[in-house]
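Here the structure comes first, spelled out in structure tokens, and everything after it is commentary.
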Amino acid sequence: MTRKRRRRKRRSNNPSSIQRRLIPCYIFLIIVSFFSVFPIFWMVTAATNSTVDIARGRIWFGNQALVNFKALIEAASSQGAGTSLGGFLKNSFVYAITQTLLCIFLCSLAGYGFELYHDKLKDKLFGVLLMAMMVPQVATLIPLFTMMSKLGFLNTIAGFMLPAISTPFMIMMFRQNSRNFPVDILEAARIDGLREGSIFFRMFMPIMKSTYAAAAVITFMNAWNAYMWPRAVMTKNSSQTMQILLTNLSNGYVVDYGLLMMAVLFCSAPTMIIFFVMQKQFAEGITGAVK
Amino acid sequence: MSSNINKPSVVRKKQLRAGWLFLTPASILIFIMSFYPMIMAFITSLKTGSGAKLKWGDPLFVNYFKNIPADATFLRSMGNTFLYLIIEVPIMLVFAILLAQILNNKDIKFRGLFRTMVFMPCAVSLVSYSLIFRSLFAREGLINSVLSGLGLISENINWLGTTGTARAVIIIGLIWRWTGYNMVFYLAGLQNIEYSVYEAAKIDGSSGWNTFWYITVPLLKPVIVMTAIMSINGTLQLFDESVNLTNGGPANTSITMSHYIWNEAFGQGVGHFGYASAMSFIIFILVAILAAINLKVGDTRD
């Protein structure tokens with residue numbers, strides 16, 4: 001509303017001259033947008049072309065999609081005992097969805113606890129937890145690998161997600177967003193005799209739906225795209241994810257680019273769909289912890 | 001009545017105790033999955049040898065003071081990582097801030113469409129985009145086809161097989177993948193700036209550039225510091241791109257620190273766990289130092 005009014009007010013001065021002055025901005029935007037989108041577009045078209053056509057520089061859709069798809073199924077099945085494209089996809093989906101659900105549950109509990117029950121000691125603990133953000137992933141790799149193999153968690157979903165279901169970033173996101181949670185409701189619920197746990201489940205969760213959506217999108221993306229840790233903990237081919245399949249497919253001496261781009265397309269389709277459907281939540285998820 | 005005086009604080013205490021139940025599971029997990037491994041990594045970093053035959057370093061800090069300074073590949077990987085950092089982060093952040101500034105202008109048409117397109121690379125995983133760039137810059141790839149089609153080159157350039165260009169491709173890839181991501185932060189930051197601030201500047205006769213430099217940038221400073229810390233942290237830990245885009249090549253000249261550490265720990269038949277841990281502690285120290293510098297720089301705003 002106010003936006004429209006403002007625009008009218010400014011335009012009434014000289015609408016066409018404003019647009020004319022913005023021409024360099026438009027040119028810059030068009031160039032940047034082209035370079036941003038082109039590699040993705042090229043990946044999609046390359047998935048429908050043969051390697052020969054790709055090498056010739058063809059950038060439009062071809063008719064080799066089915067051939068590449070069949071080659072991909074073949075290549076995925078020959079990764080090791082019990083592997084298949086469906087298996088890799090299933091692993092990625094199961095790991096990512098489970099990790100997402102557990103992560104947003106645990107971190108929202110913690111964020112809620114840190115914000116609405118805060119006292120000196122809890123604030124201090126929160127400050128300590130934030131330091132985990134500085135811990136480089138590669139440094140924890142060897143100890144975590146040792147830990148998981150002692151627990152018998154190699155090649156299991158537990159091994160995949162245990163290091164990732166509680167992150168300082170997500171706790172901070174829920175903590176920051178809990179500031180918008182009306183304290184009156186909390187007091188009213190307590191007077192009505194609701195226990196602290198029920199307040200969380202019956203009041204906090206429904207009211208914070210949009211925060212949960214943003215957190216879920218960002219966690220799913222991270223889990224789906226996880227690479228270094230899964231590569232370490234999933235030693236068996238049949239437990240590996242799409243990301244690792246991609247690496248393995250690209251490692252041959254002769255690379256079939258049509259097949260490879262078909263695999264990239266399969267690997268990117270779920271995140272692309274989420275991006276287009278839930279772009280707002282995705283953006284909120286990225287910036288969620290820094291309000 | 002008198003017995004009730006203490007009651008509110010008793011209730012409050014009970015509530016505060018309930019709070020611990022909420023935050024304990026996640027906190028314990030962070031301690032077990034981040035802090036404990038970090039301590040273990042430090043202990044391991046004092047050992048030498050490989051695989052199951054690790055033994056204490058003699059002297060204890062031999063990895064830090066003797067082995068690391070003598071390891072030309074590690075020093076090169078550190079140089080590479082800093083090269084990526086120094087070139088990529090400023091270019092990317094300037095692009096991101098410019099784009100955010102333009103897309104925040106309410107006179108620009110199709111703002112939503114432009115924003116979606118610039119943001120789109122974030123929807124592709126790091127492995128995926130590395131492979132896309134690797135294919136585009138392959139010897140028989142599209143970039144060479146276009147360049148030779150335009151008559152700019154007479155024979156195909158071996159982008160990923162030459163040290164300088166391989167490093168450049170990694171930097172181009174990083175800028176491509178992360179500019180839109182950082183732009184989102186700046187857009188969010190710009191939306192928090194009151195429009196009236198700009199109107200006032202306009203009335204006072206401030207030019208567009210002056211408004212940007214003396215009003216927008218200072219108000220965005222906290223966001224700029226934060227994106228800088230995140231980018232530095234991310235670049236120091238660069239792994240997926242080095243593995244999948246150039247595979248560290250040619251001959252380890254474009255390799256990053258994390259990639260080299262991985263190779264030393266998990267590479268075929270190596271298993272230098274102690275040495276790898278020591279190198280990963282160098283990353284930790286660098287991250288901490290650079291984050292501290294950034295926070296210090298960001299703190300001078302008042």
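By convention here, the chains of the structure tokens are called A, B, ... in the order presented, each chain's residues are numbered starting at 1, and ligands are numbered starting at 1 in the order presented.
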What's the 8 Å shell around stretch 102-118 of chain A, counting only C-alpha atoms, without same-chain residues fewer than 5 positions away, as a PyMOL selection string?
-> (chain A and resi 123+126+164-167+170-176+178-179+200+212+215-216+219) or (chain B and resi 15-16+19-27)
Go through chain A and flag each residue having an atom no more than 7 Å from chain B; for those, report the closest pair of atoms plus their distance in Å to one decimal, using only C-alpha atoms, ordered by chain and rising number, as a tab-separated table.
```
residue	atom	partner	partner_atom	distance
A:Cys25	CA	B:Ile102	CA	6.8
A:Leu29	CA	B:Phe114	CA	6.9
A:Val32	CA	B:Val118	CA	6.9
A:Ser33	CA	B:Val118	CA	5.3
A:Ser36	CA	B:Val118	CA	5.6
A:Val37	CA	B:Met117	CA	6.1
A:Pro39	CA	B:Ile132	CA	6.9
A:Met43	CA	B:Ile132	CA	6.5
A:Ala55	CA	B:Glu140	CA	5.0
A:Arg56	CA	B:Ser145	CA	6.8
A:Gly57	CA	B:Leu142	CA	5.0
A:Leu106	CA	B:Ala26	CA	5.7
A:Cys107	CA	B:Ala26	CA	6.2
A:Leu109	CA	B:Phe22	CA	5.0
A:Ala110	CA	B:Leu23	CA	3.8
A:Gly113	CA	B:Gly19	CA	4.8
A:Phe114	CA	B:Leu23	CA	6.6
A:Tyr117	CA	B:Gly19	CA	5.3
A:Ala132	CA	B:Ser34	CA	6.1
A:Met134	CA	B:Val287	CA	6.6
A:Val135	CA	B:Phe284	CA	6.2
A:Pro136	CA	B:Phe284	CA	5.9
A:Val138	CA	B:Ser258	CA	6.2
A:Ala139	CA	B:Ser280	CA	4.8
A:Thr140	CA	B:Pro37	CA	5.2
A:Pro143	CA	B:Pro37	CA	5.2
A:Leu144	CA	B:Pro37	CA	6.3
A:Pro163	CA	B:Met33	CA	5.3
A:Ser166	CA	B:Ala26	CA	5.3
A:Thr167	CA	B:Ile30	CA	6.9
A:Asn225	CA	B:Ser125	CA	5.3
A:Gln243	CA	B:Val127	CA	6.4
A:Thr247	CA	B:Asn244	CA	6.6
A:Tyr257	CA	B:Ser135	CA	6.9
A:Val264	CA	B:Ser128	CA	5.5
A:Ser268	CA	B:Val124	CA	5.7
A:Thr271	CA	B:Ala123	CA	5.6
A:Met272	CA	B:Ala123	CA	5.3
A:Phe275	CA	B:Ala123	CA	5.9
A:Ala283	CA	B:Val184	CA	6.5
A:Thr287	CA	B:Phe185	CA	6.0
```
Surrounding residues of stretch 151-160 of chain A excluding itself and chain neighbours under 5 positions, 8 Å, only C-alpha atoms, as a PyMOL selection string = chain A and resi 95+145+229-230+233-236+239-240
Residues at most 8 Å from B:Leu160, counting only C-alpha atoms, excluding those fewer than 5 positions away in the same chain, as an mmCIF file with N, CA, C and O atoms, in the first residue's frame?
```
data_model
loop_
_atom_site.group_PDB
_atom_site.id
_atom_site.type_symbol
_atom_site.label_atom_id
_atom_site.label_comp_id
_atom_site.auth_asym_id
_atom_site.auth_seq_id
_atom_site.Cartn_x
_atom_site.Cartn_y
_atom_site.Cartn_z
ATOM 1 N N ARG B 134 32.969 -27.774 -14.250
ATOM 2 C CA ARG B 134 34.025 -28.619 -14.797
ATOM 3 C C ARG B 134 33.705 -29.003 -16.238
ATOM 4 O O ARG B 134 34.601 -29.039 -17.090
ATOM 5 N N PHE B 137 34.083 -25.872 -18.558
ATOM 6 C CA PHE B 137 35.476 -25.483 -18.783
ATOM 7 C C PHE B 137 36.349 -26.661 -19.229
ATOM 8 O O PHE B 137 37.571 -26.559 -19.220
ATOM 9 N N ALA B 138 35.706 -27.773 -19.592
ATOM 10 C CA ALA B 138 36.485 -28.915 -20.071
ATOM 11 C C ALA B 138 37.184 -28.533 -21.372
ATOM 12 O O ALA B 138 36.844 -27.541 -22.012
ATOM 13 N N THR B 165 44.758 -20.942 -14.679
ATOM 14 C CA THR B 165 43.359 -20.942 -15.084
ATOM 15 C C THR B 165 42.518 -21.845 -14.183
ATOM 16 O O THR B 165 41.351 -21.550 -13.933
ATOM 17 N N ALA B 166 43.102 -22.925 -13.691
ATOM 18 C CA ALA B 166 42.346 -23.799 -12.782
ATOM 19 C C ALA B 166 41.936 -23.024 -11.534
ATOM 20 O O ALA B 166 40.795 -23.107 -11.071
ATOM 21 N N VAL B 169 39.163 -20.629 -12.435
ATOM 22 C CA VAL B 169 37.850 -21.255 -12.596
ATOM 23 C C VAL B 169 37.211 -21.485 -11.223
ATOM 24 O O VAL B 169 36.012 -21.275 -11.039
ATOM 25 N N THR B 246 38.409 -29.221 -9.741
ATOM 26 C CA THR B 246 39.757 -29.394 -10.298
ATOM 27 C C THR B 246 40.440 -30.645 -9.766
ATOM 28 O O THR B 246 41.515 -31.002 -10.226
ATOM 29 N N GLY B 249 43.991 -30.389 -8.917
ATOM 30 C CA GLY B 249 45.002 -30.412 -9.947
ATOM 31 C C GLY B 249 45.214 -29.094 -10.648
ATOM 32 O O GLY B 249 44.518 -28.131 -10.347
ATOM 33 N N PRO B 250 46.118 -28.986 -11.560
ATOM 34 C CA PRO B 250 47.079 -30.028 -11.896
ATOM 35 C C PRO B 250 48.173 -30.173 -10.832
ATOM 36 O O PRO B 250 48.660 -29.163 -10.324
#
```
Do a neighbour search on A:Gln79 at 9 Å with only C-alpha atoms, toss out local chain neighbours closer than 3 positions, and write the hits as a list in words.
-> Ala75, Ala76, Gly82, Thr83, Ser84, Asn237, Ser238, Leu245, Asn248 and Leu249 of chain A
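The spacing separating atom CA of A:Ala47 from atom CA of A:Asn68 amounts to 6.9 Å.
Atom CA of A:Thr51 sits 11.4 Å away from atom CA of A:Met262.
Residue nearest A:Tyr227, chosen from B:Ile171, B:Pro69, B:Asn80, B:Glu241 and counting only C-alpha atoms: B:Glu241.
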Stretch 173-239 of chain A: residues DSSP assigns to alpha helix (DSSP H), reported as a PyMOL selection string = chain A and resi 173-178+183-191+196-198+205-207+209-225+228-233
I want to know what sits within 12 Å of B:Lys55, based on only C-alpha atoms, with residues of the same chain fewer than 5 positions away left out; could you give that as an mmCIF file with C-alpha atoms, in the first residue's frame?
```cif
data_model
loop_
_atom_site.group_PDB
_atom_site.id
_atom_site.type_symbol
_atom_site.label_atom_id
_atom_site.label_comp_id
_atom_site.auth_asym_id
_atom_site.auth_seq_id
_atom_site.Cartn_x
_atom_site.Cartn_y
_atom_site.Cartn_z
ATOM 1 C CA ILE B 43 45.277 -34.748 21.206
ATOM 2 C CA THR B 44 45.594 -36.684 17.946
ATOM 3 C CA SER B 45 47.440 -33.751 16.398
ATOM 4 C CA LEU B 46 50.328 -34.409 18.792
ATOM 5 C CA LYS B 47 50.864 -37.865 17.311
ATOM 6 C CA THR B 48 52.797 -38.929 14.257
ATOM 7 C CA GLY B 49 52.823 -42.010 12.080
ATOM 8 C CA SER B 50 49.963 -43.525 10.163
ATOM 9 C CA LEU B 60 55.392 -33.344 21.372
ATOM 10 C CA VAL B 62 56.735 -31.819 16.162
ATOM 11 C CA ASN B 63 53.810 -31.658 13.711
ATOM 12 C CA HIS B 272 48.244 -39.742 8.606
ATOM 13 C CA PHE B 273 45.608 -39.011 11.228
ATOM 14 C CA GLY B 274 47.896 -37.121 13.598
ATOM 15 C CA TYR B 275 49.394 -34.916 10.924
#
```
